[in-house]
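Q: Input: one structure, supplied below.
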Amino acid sequence: MVEIGIFLSTEEHAGSDLVATARHAEEAGFTTASISDHFHPWLSDQGHSPFVWSVLGAIAEATSTLRVTTAVTCPSIRTHPAIVAQATATTQELFGGRFRFGIGSGEALNEHITGARWPPIEVRLEMLEEALEIIRRLWTGDTVDHHGRHYTVENARLWTLPEDPPQVLMSAFGARAVEVAARIADGYYAAWPAEGLLDRYRAHGGRGPAIGELKTCYDTDRQRAIETAHRAWRHELVPGLAGQDLPTTTHFDQIAGIVTPEMVADRYVCGDDRDAHLAAIAQFVDAGFDEVHVLQIGPRQQDLIAYYAEEILPAFA
């Protein structure tokens, strides 16, 4: 049976609000969650982007059973993998083993900010693999010296470690990225139920849980939900590689102008039709996902939690 989780969007909410949403989700019966890791929001209308590691520390204190996964962290460009290793080890210790480390090859929007070159995907995947090797070595508590193609680490040791290291899930959408994920990750993360990719991950030996991210905009007024979703999450419907390669929120504001409310209504679950929400979850179930994490677009976070607690979660108990 698929497990339903909540998605915490750092692009749309301040850290304190994300902590409150995580606590309320746990109280309502959610057992799992994801949280995005961004430096910038996608769109200026989203309006936020708190530092995810601070937020995670607060969520660890505010909850007792909720499992939380980063969705996803790029540990290879704007933040050195040795620092990410320390952040993830501390987070796992704070959560008492409830933290999972979701990784991906990143977007220029977040990763170019230090002036580092934004490399092509082949190089980014190579960097990601080397970064994860460093992170896992540091998680052992050993002193690490590493002189690789992309990174240097000297005399590094983590002194605060969790009882067990976090599970690593990787987001991957291209065929090559899926093969890398199958080789290096402990699970798979997807922003939509892309046809065949999870099967490819499994075919290449990929193991562990598969988490899918479902975008919704719950509202008792469907037209208002569509307008909210169009305002706050239209960027994802821009075709091609723009999502990976555009460098600023302003660029996303400009290019997302091609996306209409009708396109948003076709892509996202907008409104309070229970059958529509269940049908969207069924797409992930049919594709083989183990967990579906629901992202409520816009401000009605508590309304979505209450609606799912009453109408959706009992169907998957």
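For the structure tokens, the naming scheme is as follows: chains receive sequential letters (A, B, ...) according to their order of presentation, residues are indexed from 1 within each chain, and ligands are indexed from 1 in presentation order.
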Considering only helix (DSSP H, G or I) as DSSP defines it on the backbone, what residues of range 132-222 of chain A qualify? List them as a list in words.
A: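 The residues of range 132-222 of chain A classed as helix (DSSP H, G or I) are Leu132, Glu133, Ile134, Ile135, Arg136, Arg137, Leu138, Trp139, Ala175, Arg176, Ala177, Val178, Glu179, Val180, Ala181, Ala182, Arg183, Ile184, Leu197, Leu198, Asp199, Arg200, Tyr201, Arg202, Ala203 and Arg222 of chain A.
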Q: Neighbours of Gly196 in chain A within 9 Å (only C-alpha atoms; same-chain residues fewer than 4 positions away dropped), as an MDAnalysis selection string?
A: chainID A and resid 200:201 287
Q: So that I can see what lies close to range 215-227 of chain A, please list as a VMD selection string the residues with an atom at most 9 Å from it, counting only C-alpha atoms and leaving out residues fewer than 3 positions away in the same chain.
A: chain A and resid 7 191 to 192 230 to 233 261 to 262 264 to 265 267 to 273 277 293 to 298 300 to 301 303 to 304 307
Q: Just want the 9 Å neighbourhood of His204 in chain A, counted on only C-alpha atoms, with same-chain residues fewer than 3 positions away dropped. Output as number ranges by chain.
A: A: 178-179, 182-183, 199-201
Q: Dump as CSV the rows for residues of range 68-183 of chain A within 10 Å of range 242-255 of chain A: closest atom pair and distance in Å with one decimal, only C-alpha atoms counted, ordered by chain and rising residue number.
A:
residue,atom,partner,partner_atom,distance
A:Ser105,CA,A:Gln244,CA,9.1
A:Gly106,CA,A:Gln244,CA,7.1
A:Glu107,CA,A:Gln244,CA,4.4
A:Ala108,CA,A:Pro247,CA,5.1
A:Leu109,CA,A:Pro247,CA,4.3
A:Asn110,CA,A:Pro247,CA,7.6
A:Glu111,CA,A:Pro247,CA,8.6
A:His112,CA,A:Pro247,CA,7.1
A:Ile113,CA,A:Pro247,CA,8.6
A:Trp118,CA,A:Asp245,CA,8.1
A:Pro119,CA,A:Asp245,CA,9.6
A:Pro120,CA,A:Asp245,CA,9.3
A:Ile121,CA,A:Gln244,CA,9.3
Q: From a DSSP calculation on the backbone, collect every residue of range 10-243 of chain A in strand (DSSP E) and output the set as a PyMOL selection string.
A: chain A and resi 32-35+67-70+99-103+144-147+152-156+167-171+187-190+210-217
Q: Show which residues sit within 10 Å of range 127-137 of chain A, as a VMD selection string. Count only C-alpha atoms, and ignore same-chain residues fewer than 2 positions away.
A: chain A and resid 74 to 77 80 to 86 88 to 89 103 to 106 119 121 to 125 139 to 146 148 to 153 157 to 158 165 to 166 168 180 to 181 183 to 185
Q: Quick one: write out the picked residues with C-alpha atoms as a PDB file, in the first residue's frame?
A:
ATOM      1  CA  CYS A  74      22.599  19.331  -4.784  1.00  0.00           C
ATOM      2  CA  PRO A  75      25.691  18.473  -2.707  1.00  0.00           C
ATOM      3  CA  SER A  76      28.215  19.232  -5.405  1.00  0.00           C
ATOM      4  CA  ILE A  77      28.355  22.906  -6.461  1.00  0.00           C
ATOM      5  CA  HIS A  80      31.195  21.609  -0.719  1.00  0.00           C
ATOM      6  CA  PRO A  81      30.381  17.933  -0.077  1.00  0.00           C
ATOM      7  CA  ALA A  82      32.356  17.928   3.189  1.00  0.00           C
ATOM      8  CA  ILE A  83      30.037  20.631   4.560  1.00  0.00           C
ATOM      9  CA  VAL A  84      26.985  18.747   3.279  1.00  0.00           C
ATOM     10  CA  ALA A  85      28.289  15.622   5.020  1.00  0.00           C
ATOM     11  CA  GLN A  86      28.415  17.503   8.324  1.00  0.00           C
ATOM     12  CA  THR A  88      23.346  15.682   6.976  1.00  0.00           C
ATOM     13  CA  ALA A  89      25.059  13.815   9.796  1.00  0.00           C
ATOM     14  CA  ILE A 103      20.096  14.370  -3.821  1.00  0.00           C
ATOM     15  CA  GLY A 104      20.144  15.592  -7.404  1.00  0.00           C
ATOM     16  CA  SER A 105      22.369  17.276  -9.971  1.00  0.00           C
ATOM     17  CA  GLY A 106      20.908  20.719  -9.259  1.00  0.00           C
ATOM     18  CA  PRO A 119      28.592  22.521 -16.146  1.00  0.00           C
ATOM     19  CA  ILE A 121      24.729  17.348 -17.147  1.00  0.00           C
ATOM     20  CA  GLU A 122      27.451  14.773 -17.848  1.00  0.00           C
ATOM     21  CA  VAL A 123      29.884  16.699 -15.655  1.00  0.00           C
ATOM     22  CA  ARG A 124      27.251  17.384 -12.988  1.00  0.00           C
ATOM     23  CA  LEU A 125      26.517  13.676 -12.658  1.00  0.00           C
ATOM     24  CA  TRP A 139      29.782   9.487   7.621  1.00  0.00           C
ATOM     25  CA  THR A 140      31.998   6.595   8.802  1.00  0.00           C
ATOM     26  CA  GLY A 141      33.813   8.886  11.239  1.00  0.00           C
ATOM     27  CA  ASP A 142      37.157   8.223   9.569  1.00  0.00           C
ATOM     28  CA  THR A 143      39.596  11.022   8.765  1.00  0.00           C
ATOM     29  CA  VAL A 144      39.255  11.656   5.049  1.00  0.00           C
ATOM     30  CA  ASP A 145      41.839  12.872   2.559  1.00  0.00           C
ATOM     31  CA  HIS A 146      40.581  13.059  -0.998  1.00  0.00           C
ATOM     32  CA  GLY A 148      39.780  13.840  -6.902  1.00  0.00           C
ATOM     33  CA  ARG A 149      38.891  15.310 -10.250  1.00  0.00           C
ATOM     34  CA  HIS A 150      36.447  17.822  -8.787  1.00  0.00           C
ATOM     35  CA  TYR A 151      37.078  18.019  -5.028  1.00  0.00           C
ATOM     36  CA  THR A 152      39.867  18.173  -2.494  1.00  0.00           C
ATOM     37  CA  VAL A 153      39.384  17.189   1.142  1.00  0.00           C
ATOM     38  CA  ARG A 157      36.610  14.135  10.182  1.00  0.00           C
ATOM     39  CA  LEU A 158      33.050  14.334  11.480  1.00  0.00           C
ATOM     40  CA  PRO A 165      23.786   7.274   8.311  1.00  0.00           C
ATOM     41  CA  PRO A 166      20.789   8.567   6.387  1.00  0.00           C
ATOM     42  CA  VAL A 168      20.234   8.386   0.130  1.00  0.00           C
ATOM     43  CA  VAL A 180      23.750   6.707 -11.964  1.00  0.00           C
ATOM     44  CA  ALA A 181      20.967   6.704  -9.385  1.00  0.00           C
ATOM     45  CA  ARG A 183      24.340   2.598  -8.997  1.00  0.00           C
ATOM     46  CA  ILE A 184      24.863   5.028  -6.108  1.00  0.00           C
ATOM     47  CA  ALA A 185      21.534   5.626  -4.346  1.00  0.00           C
TER      48      ALA A 185
END
Q: If we count only C-alpha atoms and set the cut-off at 8 Å, which residues sit around Thr63 in chain A, ignoring sequence neighbours fewer than 6 positions away in its own chain? Please answer as a list in words.
A: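 Contacts, in chain order: Ala22, Arg23 and Glu26 of chain A.
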Q: Tell me which protein, DNA and RNA residues are within 8 Å of range 47-60 of chain A, counting only C-alpha atoms, leaving out same-chain ones fewer than 5 positions away, and put them as a PyMOL selection string.
A: chain A and resi 10-16+18-19+22-23+35-41+87+91+94-95
Q: Quote the spacing between CA of Gln283 in chain A and CA of Pro193 in chain A in Å to one decimal place.
A: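 Taking CA of Gln283 in chain A and CA of Pro193 in chain A, their separation equals 6.8 Å.
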Q: So, counting only C-alpha atoms, which residue among A:Ala62, A:Gly174, A:Leu214, A:Arg78 is closest to Val292 in chain A?
A: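 Checking each of A:Ala62, A:Gly174, A:Leu214, A:Arg78 against Val292 in chain A, counting only C-alpha atoms, the winner is A:Leu214.
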Q: Would you mind telling me which residue in A:Tyr188, A:Phe99, A:Phe30, A:Phe316 lies nearest to Arg67 in chain A when using only C-alpha atoms?
A: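 Selected residue with least distance to Arg67 in chain A: A:Phe99.
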Q: One number please: CA of Thr21 in chain A to CA of Met170 in chain A, in Å, one decimal.
A: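 A separation of 24.5 Å between them.
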Q: Grab the CA of Leu198 in chain A to CA of Ala33 in chain A distance for me, in Å with one decimal place.
A: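 That distance, rounded to one decimal, is 19.9 Å.
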